[in-house]
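Asks: For reference, the file my_file-v1.pdb (PDB, C-alpha atoms) is included below:
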```
ATOM      1  CA  MET L   5     -39.339  19.686  56.539
ATOM      2  CA  SER L   6     -35.952  21.369  57.068
ATOM      3  CA  ILE L   7     -33.798  22.898  54.348
ATOM      4  CA  SER L   8     -31.039  20.366  54.925
ATOM      5  CA  ASN L   9     -33.396  17.529  54.166
ATOM      6  CA  SER L  10     -34.510  19.104  50.886
ATOM      7  CA  LEU L  11     -30.981  19.403  49.470
ATOM      8  CA  PRO L  12     -29.404  16.456  47.564
ATOM      9  CA  ASP L  13     -26.406  14.719  49.049
ATOM     10  CA  GLU L  14     -23.048  15.714  47.555
ATOM     11  CA  ASN L  15     -21.686  12.224  48.144
ATOM     12  CA  PRO L  16     -23.762   9.483  46.557
ATOM     13  CA  SER L  17     -24.942   6.804  48.887
ATOM     14  CA  PRO L  18     -23.567   3.283  48.733
ATOM     15  CA  GLU L  19     -26.864   2.208  47.275
ATOM     16  CA  PHE L  20     -26.311   4.259  44.069
ATOM     17  CA  PRO L  21     -26.590   1.823  41.118
ATOM     18  CA  ASP L  22     -23.246   0.384  40.013
ATOM     19  CA  SER L  23     -24.229   0.445  36.340
ATOM     20  CA  ILE L  24     -24.633   4.227  36.360
ATOM     21  CA  ASN L  25     -21.288   4.662  38.090
ATOM     22  CA  LYS L  26     -19.575   2.451  35.481
ATOM     23  CA  GLN L  27     -21.226   4.334  32.642
ATOM     24  CA  LEU L  28     -20.039   7.671  34.007
ATOM     25  CA  GLU L  29     -16.526   6.325  34.406
ATOM     26  CA  GLN L  30     -16.477   5.000  30.830
ATOM     27  CA  GLU L  31     -17.660   8.342  29.448
ATOM     28  CA  HIS L  32     -15.059  10.132  31.539
ATOM     29  CA  LEU L  33     -12.290   7.892  30.166
ATOM     30  CA  ARG L  34     -13.569   8.049  26.589
ATOM     31  CA  ARG L  35     -13.651  11.820  26.195
ATOM     32  CA  PRO L  36      -9.923  12.537  26.466
ATOM     33  CA  ARG L  37      -9.174   9.611  24.140
ATOM     34  CA  LEU L  38     -11.361  11.107  21.418
ATOM     35  CA  LYS L  39      -9.564  14.416  21.835
ATOM     36  CA  VAL L  40      -6.183  12.709  21.426
ATOM     37  CA  ASP L  41      -7.056  10.326  18.564
ATOM     38  CA  ALA L  42      -8.328  12.962  16.136
ATOM     39  CA  PRO L  43      -5.144  15.085  15.887
ATOM     40  CA  LEU L  44      -2.936  11.986  16.102
ATOM     41  CA  ARG L  45      -4.763  10.411  13.150
ATOM     42  CA  MET L  46      -4.451  13.630  11.166
ATOM     43  CA  VAL L  47      -0.741  14.057  11.941
ATOM     44  CA  GLU L  48       0.164  10.447  11.161
ATOM     45  CA  THR L  49      -1.855  10.487   7.945
ATOM     46  CA  ALA L  50      -0.161  13.679   6.765
ATOM     47  CA  PHE L  51       3.290  12.443   7.799
ATOM     48  CA  LEU L  52       2.982   9.063   6.055
ATOM     49  CA  ALA L  53       1.471  10.650   2.937
ATOM     50  CA  SER L  54       4.447  13.033   2.835
ATOM     51  CA  ALA L  55       6.801  10.072   3.348
ATOM     52  CA  ALA L  56       5.284   8.231   0.378
ATOM     53  CA  SER L  57       5.623  11.359  -1.781
ATOM     54  CA  LEU L  58       9.204  11.906  -0.636
ATOM     55  CA  ILE L  59      10.201   8.321  -1.482
ATOM     56  CA  TRP L  60       8.784   8.759  -4.999
ATOM     57  CA  LEU L  61      10.475  12.158  -5.384
ATOM     58  CA  ILE L  62      13.902  10.904  -4.292
ATOM     59  CA  ASN L  63      13.667   7.801  -6.462
ATOM     60  CA  PHE L  64      12.673   9.882  -9.498
ATOM     61  CA  TYR L  65      15.641  12.266  -9.320
ATOM     62  CA  PHE L  66      18.145   9.935  -7.626
ATOM     63  CA  PRO L  67      17.159   6.401  -8.634
ATOM     64  CA  LEU L  68      18.627   3.739  -6.379
ATOM     65  CA  GLY L  69      17.351   0.742  -8.302
ATOM     66  CA  PRO L  70      14.624  -1.353  -6.682
ATOM     67  CA  VAL L  71      15.525  -0.303  -3.120
ATOM     68  CA  LEU L  72      13.150   2.659  -2.749
ATOM     69  CA  ARG L  73      10.666   1.343  -5.300
ATOM     70  CA  ILE L  74       9.730  -1.477  -2.933
ATOM     71  CA  PHE L  75       8.484   1.049  -0.364
ATOM     72  CA  PHE L  76       6.232   3.102  -2.682
ATOM     73  CA  PRO L  77       2.901   1.681  -1.380
ATOM     74  CA  VAL L  78       4.020   0.826   2.180
ATOM     75  CA  PRO L  79       3.347   4.186   3.956
ATOM     76  CA  ILE L  80      -0.237   4.369   2.709
ATOM     77  CA  ALA L  81      -0.796   0.724   3.628
ATOM     78  CA  LEU L  82       0.479   1.536   7.120
ATOM     79  CA  VAL L  83      -2.087   4.331   7.377
ATOM     80  CA  TYR L  84      -4.810   1.789   6.630
ATOM     81  CA  LEU L  85      -3.493  -0.614   9.272
ATOM     82  CA  ARG L  86      -3.389   2.107  11.930
ATOM     83  CA  TRP L  87      -6.399   4.293  11.139
ATOM     84  CA  GLY L  88      -8.645   2.518   8.643
ATOM     85  CA  LYS L  89      -9.982   3.002   5.140
ATOM     86  CA  ARG L  90     -10.933   6.688   5.272
ATOM     87  CA  ALA L  91      -7.503   7.767   6.499
ATOM     88  CA  ALA L  92      -5.789   5.629   3.828
ATOM     89  CA  TRP L  93      -7.783   7.267   1.027
ATOM     90  CA  MET L  94      -6.992  10.675   2.504
ATOM     91  CA  ALA L  95      -3.286   9.756   2.504
ATOM     92  CA  ALA L  96      -3.485   8.633  -1.132
ATOM     93  CA  VAL L  97      -5.179  11.863  -2.205
ATOM     94  CA  THR L  98      -2.821  13.999  -0.126
ATOM     95  CA  SER L  99       0.282  12.361  -1.575
ATOM     96  CA  GLY L 100      -1.078  12.854  -5.093
ATOM     97  CA  LEU L 101      -1.808  16.538  -4.476
ATOM     98  CA  LEU L 102       1.606  17.077  -2.902
ATOM     99  CA  LEU L 103       3.398  15.495  -5.863
ATOM    100  CA  SER L 104       1.230  17.503  -8.225
ATOM    101  CA  VAL L 105       2.561  20.681  -6.617
ATOM    102  CA  LEU L 106       6.175  19.494  -6.495
ATOM    103  CA  MET L 107       6.491  17.630  -9.800
ATOM    104  CA  GLY L 108       3.431  18.420 -11.885
ATOM    105  CA  PRO L 109       0.130  16.588 -12.440
ATOM    106  CA  VAL L 110       1.496  14.036 -14.934
ATOM    107  CA  ARG L 111       4.151  12.640 -12.640
ATOM    108  CA  SER L 112       1.666  12.773  -9.794
ATOM    109  CA  LEU L 113      -0.710  10.564 -11.776
ATOM    110  CA  LEU L 114       2.109   8.097 -12.408
ATOM    111  CA  PHE L 115       2.418   7.683  -8.643
ATOM    112  CA  VAL L 116      -1.277   7.612  -7.816
ATOM    113  CA  MET L 117      -1.893   4.922 -10.435
ATOM    114  CA  PRO L 118      -0.922   2.363  -9.343
ATOM    115  CA  PHE L 119       1.175   2.923  -6.196
ATOM    116  CA  ALA L 120      -1.186   5.076  -4.104
ATOM    117  CA  PHE L 121      -4.125   2.823  -4.980
ATOM    118  CA  MET L 122      -1.912  -0.197  -4.330
ATOM    119  CA  GLY L 123      -1.190   1.103  -0.841
ATOM    120  CA  VAL L 124      -4.900   1.249  -0.065
ATOM    121  CA  LEU L 125      -5.436  -2.212  -1.579
ATOM    122  CA  LEU L 126      -2.584  -3.808   0.342
ATOM    123  CA  GLY L 127      -3.657  -2.108   3.552
ATOM    124  CA  ALA L 128      -7.170  -3.496   3.146
ATOM    125  CA  THR L 129      -5.944  -7.037   2.491
ATOM    126  CA  TRP L 130      -3.422  -6.936   5.332
ATOM    127  CA  TYR L 131      -6.001  -5.510   7.716
ATOM    128  CA  ARG L 132      -8.338  -8.403   6.904
ATOM    129  CA  ARG L 133      -5.458 -10.892   7.325
ATOM    130  CA  VAL L 134      -5.887 -12.524   3.924
ATOM    131  CA  PRO L 135      -3.173 -14.918   2.679
ATOM    132  CA  TRP L 136      -0.230 -13.604   0.739
ATOM    133  CA  ILE L 137      -1.258 -15.299  -2.490
ATOM    134  CA  VAL L 138      -4.529 -13.334  -2.522
ATOM    135  CA  SER L 139      -3.015  -9.925  -1.775
ATOM    136  CA  ILE L 140      -0.107 -10.502  -4.177
ATOM    137  CA  THR L 141      -2.495 -11.570  -6.958
ATOM    138  CA  LEU L 142      -4.742  -8.529  -6.464
ATOM    139  CA  GLY L 143      -1.720  -6.243  -6.340
ATOM    140  CA  THR L 144      -0.325  -7.843  -9.496
ATOM    141  CA  LEU L 145      -3.553  -7.142 -11.371
ATOM    142  CA  LEU L 146      -3.541  -3.528 -10.202
ATOM    143  CA  GLY L 147       0.147  -3.143 -11.047
ATOM    144  CA  THR L 148      -0.424  -4.572 -14.541
ATOM    145  CA  LEU L 149      -3.249  -2.097 -15.106
ATOM    146  CA  GLY L 150      -0.905   0.614 -13.873
ATOM    147  CA  VAL L 151       1.701  -0.314 -16.500
ATOM    148  CA  PHE L 152      -0.846  -0.099 -19.311
ATOM    149  CA  PHE L 153      -2.157   3.186 -17.881
ATOM    150  CA  ARG L 154       1.374   4.576 -17.878
ATOM    151  CA  LEU L 155       1.978   3.439 -21.459
ATOM    152  CA  TRP L 156      -1.305   5.013 -22.564
ATOM    153  CA  LEU L 157      -0.715   8.306 -20.762
ATOM    154  CA  LEU L 158       2.858   8.718 -21.948
ATOM    155  CA  SER L 159       1.864   7.717 -25.491
ATOM    156  CA  VAL L 160      -0.819  10.415 -25.531
ATOM    157  CA  LEU L 161       1.569  13.050 -24.201
ATOM    158  CA  SER L 162       4.513  12.127 -26.454
ATOM    159  CA  GLY L 163       2.513  11.378 -29.601
ATOM    160  CA  ASP L 164       4.265   8.012 -30.051
ATOM    161  CA  ASP L 165       2.909   4.539 -29.445
ATOM    162  CA  LEU L 166       5.123   3.228 -26.649
ATOM    163  CA  TRP L 167       3.518  -0.202 -26.899
ATOM    164  CA  VAL L 168       5.392  -0.634 -30.185
ATOM    165  CA  TYR L 169       8.642   0.015 -28.324
ATOM    166  CA  VAL L 170       7.716  -2.659 -25.764
ATOM    167  CA  ILE L 171       6.872  -5.096 -28.569
ATOM    168  CA  ASN L 172      10.235  -4.476 -30.209
ATOM    169  CA  GLN L 173      12.084  -5.150 -26.962
ATOM    170  CA  VAL L 174      10.143  -8.355 -26.303
ATOM    171  CA  THR L 175      10.676  -9.487 -29.922
ATOM    172  CA  GLU L 176      14.435  -9.186 -29.496
ATOM    173  CA  LEU L 177      14.233 -11.156 -26.259
ATOM    174  CA  ILE L 178      12.161 -13.952 -27.815
ATOM    175  CA  GLU L 179      14.427 -14.116 -30.872
ATOM    176  CA  TRP L 180      17.419 -14.463 -28.555
ATOM    177  CA  VAL L 181      15.662 -17.328 -26.725
ATOM    178  CA  PHE L 182      14.825 -19.006 -30.065
ATOM    179  CA  LEU L 183      18.452 -18.637 -31.124
ATOM    180  CA  ARG L 184      19.679 -20.263 -27.917
ATOM    181  CA  LEU L 185      17.229 -23.106 -28.405
ATOM    182  CA  GLN L 186      18.343 -23.416 -32.045
ATOM    183  CA  LEU L 187      14.832 -22.850 -33.366
ATOM    184  CA  LEU L 188      14.655 -21.543 -36.916
ATOM    185  CA  ALA L 189      11.092 -20.242 -36.645
ATOM    186  CA  SER L 190      10.457 -16.557 -36.029
ATOM    187  CA  PRO L 191       7.884 -15.537 -33.400
ATOM    188  CA  SER L 192       4.539 -14.278 -34.638
ATOM    189  CA  LEU L 193       3.028 -10.988 -33.508
ATOM    190  CA  PHE L 194       0.497 -12.820 -31.326
ATOM    191  CA  VAL L 195       3.261 -14.737 -29.535
ATOM    192  CA  VAL L 196       5.206 -11.522 -28.988
ATOM    193  CA  GLN L 197       2.184  -9.717 -27.527
ATOM    194  CA  VAL L 198       1.360 -12.621 -25.233
ATOM    195  CA  GLY L 199       4.996 -12.715 -24.177
ATOM    196  CA  ALA L 200       4.949  -8.973 -23.455
ATOM    197  CA  VAL L 201       1.842  -9.264 -21.259
ATOM    198  CA  ALA L 202       3.267 -12.324 -19.488
ATOM    199  CA  LEU L 203       6.513 -10.470 -18.833
ATOM    200  CA  ILE L 204       4.637  -7.491 -17.360
ATOM    201  CA  VAL L 205       2.550  -9.755 -15.113
ATOM    202  CA  PHE L 206       5.617 -11.676 -13.937
ATOM    203  CA  ASN L 207       7.477  -8.448 -13.209
ATOM    204  CA  ASN L 208       4.592  -7.126 -11.123
ATOM    205  CA  PHE L 209       4.181 -10.446  -9.304
ATOM    206  CA  THR L 210       7.862 -10.401  -8.334
ATOM    207  CA  TYR L 211       7.578  -6.766  -7.272
ATOM    208  CA  LEU L 212       4.546  -7.457  -5.060
ATOM    209  CA  PHE L 213       6.315 -10.392  -3.436
ATOM    210  CA  MET L 214       9.257  -8.152  -2.548
ATOM    211  CA  VAL L 215       6.868  -5.503  -1.190
ATOM    212  CA  HIS L 216       5.223  -8.109   1.038
ATOM    213  CA  LEU L 217       8.576  -9.367   2.241
ATOM    214  CA  ALA L 218       9.821  -5.869   3.097
ATOM    215  CA  ALA L 219       6.535  -4.935   4.797
ATOM    216  CA  TRP L 220       6.561  -8.169   6.807
ATOM    217  CA  LEU L 221      10.008  -7.364   8.185
ATOM    218  CA  LEU L 222       9.484  -3.619   8.642
ATOM    219  CA  LEU L 223       5.910  -3.278   9.865
ATOM    220  CA  GLY L 224       6.242  -6.210  12.233
ATOM    221  CA  ALA L 225       9.188  -4.471  13.889
ATOM    222  CA  ILE L 226       7.153  -1.298  14.567
ATOM    223  CA  GLY L 227       4.105  -3.074  15.959
ATOM    224  CA  ASN L 228       1.830  -3.261  12.906
ATOM    225  CA  PRO L 229       2.445  -6.769  11.566
ATOM    226  CA  ILE L 230       0.978  -8.047   8.327
ATOM    227  CA  PRO L 231      -0.124 -11.683   7.862
ATOM    228  CA  ARG L 232       2.681 -14.202   8.018
ATOM    229  CA  PRO L 233       4.110 -15.499   4.754
ATOM    230  CA  PRO L 234       3.817 -19.103   3.580
ATOM    231  CA  GLN L 235       5.814 -21.673   5.484
ATOM    232  CA  TRP L 236       8.483 -22.032   2.800
ATOM    233  CA  VAL L 237       9.231 -18.302   3.006
ATOM    234  CA  GLN L 238       9.593 -18.526   6.781
ATOM    235  CA  VAL L 239      11.963 -21.450   6.349
ATOM    236  CA  ILE L 240      14.095 -19.514   3.854
ATOM    237  CA  MET L 241      14.198 -16.475   6.109
ATOM    238  CA  ASP L 242      14.915 -18.717   9.109
ATOM    239  CA  TYR L 243      11.963 -17.134  10.908
ATOM    240  CA  GLU L 244      11.227 -18.271  14.422
ATOM    241  CA  GLY L 245       8.066 -16.958  16.013
TER     242      GLY L 245
END
```
So that I can check it, write out the structure of this file as structure tokens.

Replies:
Amino acid sequence: MSISNSLPDENPSPEFPDSINKQLEQEHLRRPRLKVDAPLRMVETAFLASAASLIWLINFYFPLGPVLRIFFPVPIALVYLRWGKRAAWMAAVTSGLLLSVLMGPVRSLLFVMPFAFMGVLLGATWYRRVPWIVSITLGTLLGTLGVFFRLWLLSVLSGDDLWVYVINQVTELIEWVFLRLQLLASPSLFVVQVGAVALIVFNNFTYLFMVHLAAWLLLGAIGNPIPRPPQWVQVIMDYEG
């Protein structure tokens, strides 16, 4: 047997199995993608976490009303839509740590609960394409818990019960409504507390609806759409799609 016959061919024969060729091609195409995705995921996660922190920072020192407040949870939700659950939690933690360095741990906690957690929650619901009523309801519950957490934390730090201040404000509102309705009865403490909770829930429900509306218009324009709103919202917005 000659030496040339004992050496393998450099060019595979036409009879080489197609499945092996396809597998080698897939591995060859997959390797550079893995090398690109890892740093891209890290950069986007860090950038969007910084964007969420910057929006909170600007709104705290230069409040522009509800304009910036609507976008508090949107960057972290976008991380979830693009890179999944793990990246979204990393963005939430990163934004909290960044605000802790810039503004202190207390103000950082006021952002993390509920807005950072809300970003993860909304990202999960939008990624699973659940209806708006479900995601808005879940966000409203989390936002309501966030209000009570804020009242508790600030009450502990200030030494005053801020819930009493809320009750006083709601009592004045209910008394004004009773006066307009020409009712001579005064509201009881139970009615005032129920009214305060209902007002907080309604405020958070309205806020979550505005967040969904802004995210629907913004994220759809950049290629990461969320589920479509109910038909009546599309009619109001004159949406054609």

Asks: Let me know the residues the PyMOL selection byres ((chain L and resi 141-144) around 8) catches in the file above, as a compact mmCIF listing (two decimals) with C-alpha atoms, in the frame of the given file.

Replies:
```
# COMPACT_ATOMS: atom_id res chain seq x y z
CA MET L 122 -1.91 -0.20 -4.33
CA LEU L 125 -5.44 -2.21 -1.58
CA LEU L 126 -2.58 -3.81 0.34
CA ILE L 137 -1.26 -15.30 -2.49
CA VAL L 138 -4.53 -13.33 -2.52
CA SER L 139 -3.02 -9.93 -1.78
CA ILE L 140 -0.11 -10.50 -4.18
CA LEU L 145 -3.55 -7.14 -11.37
CA LEU L 146 -3.54 -3.53 -10.20
CA GLY L 147 0.15 -3.14 -11.05
CA THR L 148 -0.42 -4.57 -14.54
CA VAL L 205 2.55 -9.76 -15.11
CA ASN L 208 4.59 -7.13 -11.12
CA PHE L 209 4.18 -10.45 -9.30
CA LEU L 212 4.55 -7.46 -5.06
```

Asks: Enumerate, as number ranges by chain, the residues matched when the PyMOL selection byres ((chain L and resi 214-217) around 12) is run on the file above.

Replies: L: 70-79, 81, 119, 122-123, 126-127, 129-130, 135-141, 143-144, 207-213, 218-224, 229-234, 237-238, 240-241

Asks: Counting all atoms listed in the file, which residue out of L:Val116, L:Ile178, L:Leu185, L:Leu44 sits closest to Ala56 of chain L?

Replies: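 Of L:Val116, L:Ile178, L:Leu185, L:Leu44, the one nearest Ala56 of chain L is L:Val116, counting all atoms listed in the file.
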
Asks: Ranking L:Val110, L:Ala91, L:Ile171, L:Leu58 by minimum distance to Val196 of chain L and counting only C-alpha atoms, which one comes first?

Replies: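 Of L:Val110, L:Ala91, L:Ile171, L:Leu58, the one nearest Val196 of chain L is L:Ile171, counting only C-alpha atoms.
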
Asks: Between L:Arg90, L:Ala42, L:Leu193, L:Met107, which is the closest to Tyr65 of chain L once you count all atoms listed in the file?

Replies: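 Closest to Tyr65 of chain L of all the choices is L:Met107.
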
Asks: If you measure from atom CA of Leu177 of chain L to atom CA of Met117 of chain L, what distance in Å do you get, rounded to one decimal?

Replies: 27.7 Å

Asks: Just how far from atom CA of Val170 of chain L is atom CA of Ser192 of chain L, in Å to one decimal?

Replies: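 These two atoms are separated by 15.0 Å.
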
Asks: If you measure from atom CA of Ser99 of chain L to atom CA of Phe115 of chain L, what distance in Å do you get, rounded to one decimal?

Replies: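 Interatomic distance here is 8.7 Å.
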
Asks: Please write as a PyMOL selection string the full residue list that the PyMOL selection byres ((chain L and resi 49) around 9) yields on this file.

Replies: chain L and resi 44-48+50-54+80+83+87+91-92+94-95+98

Asks: Measuring atom to atom with only C-alpha atoms, identify which of L:Leu82, L:Ile62, L:Leu113, L:Ala96 is nearest to Leu158 of chain L.

Replies: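 With only C-alpha atoms as the atom set, the closest residue is L:Leu113.
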
Asks: Could you pull the residues within 12 Å of Trp167 of chain L, counting only C-alpha atoms, minus those fewer than 6 positions along the same chain, as a ChimeraX atom specification?

Replies: /L:151-160,173-174,196-197,200-201

Asks: Write only N, CA and C atoms for segment 109-133 of chain L from the block just shown, as a PDB file, in the first residue's frame.

Replies:
```
ATOM      1  N   PRO L 109     -29.325  55.327  49.960  1.00  0.00           N
ATOM      2  CA  PRO L 109     -30.107  54.081  49.944  1.00  0.00           C
ATOM      3  C   PRO L 109     -31.608  54.286  50.095  1.00  0.00           C
ATOM      4  N   VAL L 110     -32.034  55.314  50.823  1.00  0.00           N
ATOM      5  CA  VAL L 110     -33.472  55.518  51.042  1.00  0.00           C
ATOM      6  C   VAL L 110     -34.176  55.856  49.733  1.00  0.00           C
ATOM      7  N   ARG L 111     -33.648  56.826  49.023  1.00  0.00           N
ATOM      8  CA  ARG L 111     -34.259  57.205  47.756  1.00  0.00           C
ATOM      9  C   ARG L 111     -34.116  56.099  46.716  1.00  0.00           C
ATOM     10  N   SER L 112     -33.063  55.321  46.841  1.00  0.00           N
ATOM     11  CA  SER L 112     -32.929  54.162  45.952  1.00  0.00           C
ATOM     12  C   SER L 112     -34.035  53.152  46.210  1.00  0.00           C
ATOM     13  N   LEU L 113     -34.352  52.912  47.473  1.00  0.00           N
ATOM     14  CA  LEU L 113     -35.437  51.981  47.798  1.00  0.00           C
ATOM     15  C   LEU L 113     -36.778  52.482  47.291  1.00  0.00           C
ATOM     16  N   LEU L 114     -36.975  53.796  47.295  1.00  0.00           N
ATOM     17  CA  LEU L 114     -38.233  54.350  46.800  1.00  0.00           C
ATOM     18  C   LEU L 114     -38.400  54.127  45.302  1.00  0.00           C
ATOM     19  N   PHE L 115     -37.283  53.963  44.593  1.00  0.00           N
ATOM     20  CA  PHE L 115     -37.376  53.629  43.169  1.00  0.00           C
ATOM     21  C   PHE L 115     -37.536  52.130  42.963  1.00  0.00           C
ATOM     22  N   VAL L 116     -36.758  51.355  43.680  1.00  0.00           N
ATOM     23  CA  VAL L 116     -36.803  49.899  43.495  1.00  0.00           C
ATOM     24  C   VAL L 116     -38.192  49.355  43.806  1.00  0.00           C
ATOM     25  N   MET L 117     -38.798  49.873  44.891  1.00  0.00           N
ATOM     26  CA  MET L 117     -40.148  49.459  45.253  1.00  0.00           C
ATOM     27  C   MET L 117     -41.076  50.658  45.115  1.00  0.00           C
ATOM     28  N   PRO L 118     -41.864  50.749  44.063  1.00  0.00           N
ATOM     29  CA  PRO L 118     -42.267  49.626  43.212  1.00  0.00           C
ATOM     30  C   PRO L 118     -41.754  49.657  41.774  1.00  0.00           C
ATOM     31  N   PHE L 119     -41.044  50.726  41.335  1.00  0.00           N
ATOM     32  CA  PHE L 119     -40.880  50.940  39.900  1.00  0.00           C
ATOM     33  C   PHE L 119     -39.931  49.936  39.247  1.00  0.00           C
ATOM     34  N   ALA L 120     -38.826  49.584  39.923  1.00  0.00           N
ATOM     35  CA  ALA L 120     -37.927  48.582  39.344  1.00  0.00           C
ATOM     36  C   ALA L 120     -38.620  47.221  39.271  1.00  0.00           C
ATOM     37  N   PHE L 121     -39.292  46.840  40.365  1.00  0.00           N
ATOM     38  CA  PHE L 121     -40.046  45.584  40.341  1.00  0.00           C
ATOM     39  C   PHE L 121     -41.179  45.639  39.322  1.00  0.00           C
ATOM     40  N   MET L 122     -41.792  46.811  39.168  1.00  0.00           N
ATOM     41  CA  MET L 122     -42.867  46.954  38.195  1.00  0.00           C
ATOM     42  C   MET L 122     -42.346  46.773  36.772  1.00  0.00           C
ATOM     43  N   GLY L 123     -41.118  47.229  36.517  1.00  0.00           N
ATOM     44  CA  GLY L 123     -40.539  47.017  35.203  1.00  0.00           C
ATOM     45  C   GLY L 123     -40.367  45.544  34.874  1.00  0.00           C
ATOM     46  N   VAL L 124     -39.910  44.766  35.854  1.00  0.00           N
ATOM     47  CA  VAL L 124     -39.778  43.327  35.644  1.00  0.00           C
ATOM     48  C   VAL L 124     -41.153  42.685  35.442  1.00  0.00           C
ATOM     49  N   LEU L 125     -42.128  43.101  36.257  1.00  0.00           N
ATOM     50  CA  LEU L 125     -43.479  42.542  36.146  1.00  0.00           C
ATOM     51  C   LEU L 125     -44.109  42.859  34.790  1.00  0.00           C
ATOM     52  N   LEU L 126     -44.016  44.101  34.368  1.00  0.00           N
ATOM     53  CA  LEU L 126     -44.599  44.472  33.081  1.00  0.00           C
ATOM     54  C   LEU L 126     -43.873  43.790  31.928  1.00  0.00           C
ATOM     55  N   GLY L 127     -42.558  43.681  32.033  1.00  0.00           N
ATOM     56  CA  GLY L 127     -41.816  42.974  30.993  1.00  0.00           C
ATOM     57  C   GLY L 127     -42.238  41.516  30.874  1.00  0.00           C
ATOM     58  N   ALA L 128     -42.477  40.873  32.023  1.00  0.00           N
ATOM     59  CA  ALA L 128     -42.911  39.476  31.992  1.00  0.00           C
ATOM     60  C   ALA L 128     -44.300  39.330  31.376  1.00  0.00           C
ATOM     61  N   THR L 129     -45.211  40.227  31.723  1.00  0.00           N
ATOM     62  CA  THR L 129     -46.565  40.135  31.168  1.00  0.00           C
ATOM     63  C   THR L 129     -46.583  40.484  29.686  1.00  0.00           C
ATOM     64  N   TRP L 130     -45.807  41.485  29.294  1.00  0.00           N
ATOM     65  CA  TRP L 130     -45.753  41.843  27.871  1.00  0.00           C
ATOM     66  C   TRP L 130     -45.069  40.759  27.056  1.00  0.00           C
ATOM     67  N   TYR L 131     -44.061  40.137  27.615  1.00  0.00           N
ATOM     68  CA  TYR L 131     -43.361  39.068  26.898  1.00  0.00           C
ATOM     69  C   TYR L 131     -44.277  37.872  26.657  1.00  0.00           C
ATOM     70  N   ARG L 132     -45.169  37.615  27.604  1.00  0.00           N
ATOM     71  CA  ARG L 132     -46.116  36.504  27.468  1.00  0.00           C
ATOM     72  C   ARG L 132     -47.396  36.909  26.745  1.00  0.00           C
ATOM     73  N   ARG L 133     -47.473  38.156  26.298  1.00  0.00           N
ATOM     74  CA  ARG L 133     -48.583  38.666  25.490  1.00  0.00           C
ATOM     75  C   ARG L 133     -49.932  38.539  26.194  1.00  0.00           C
TER      76      ARG L 133
END
```
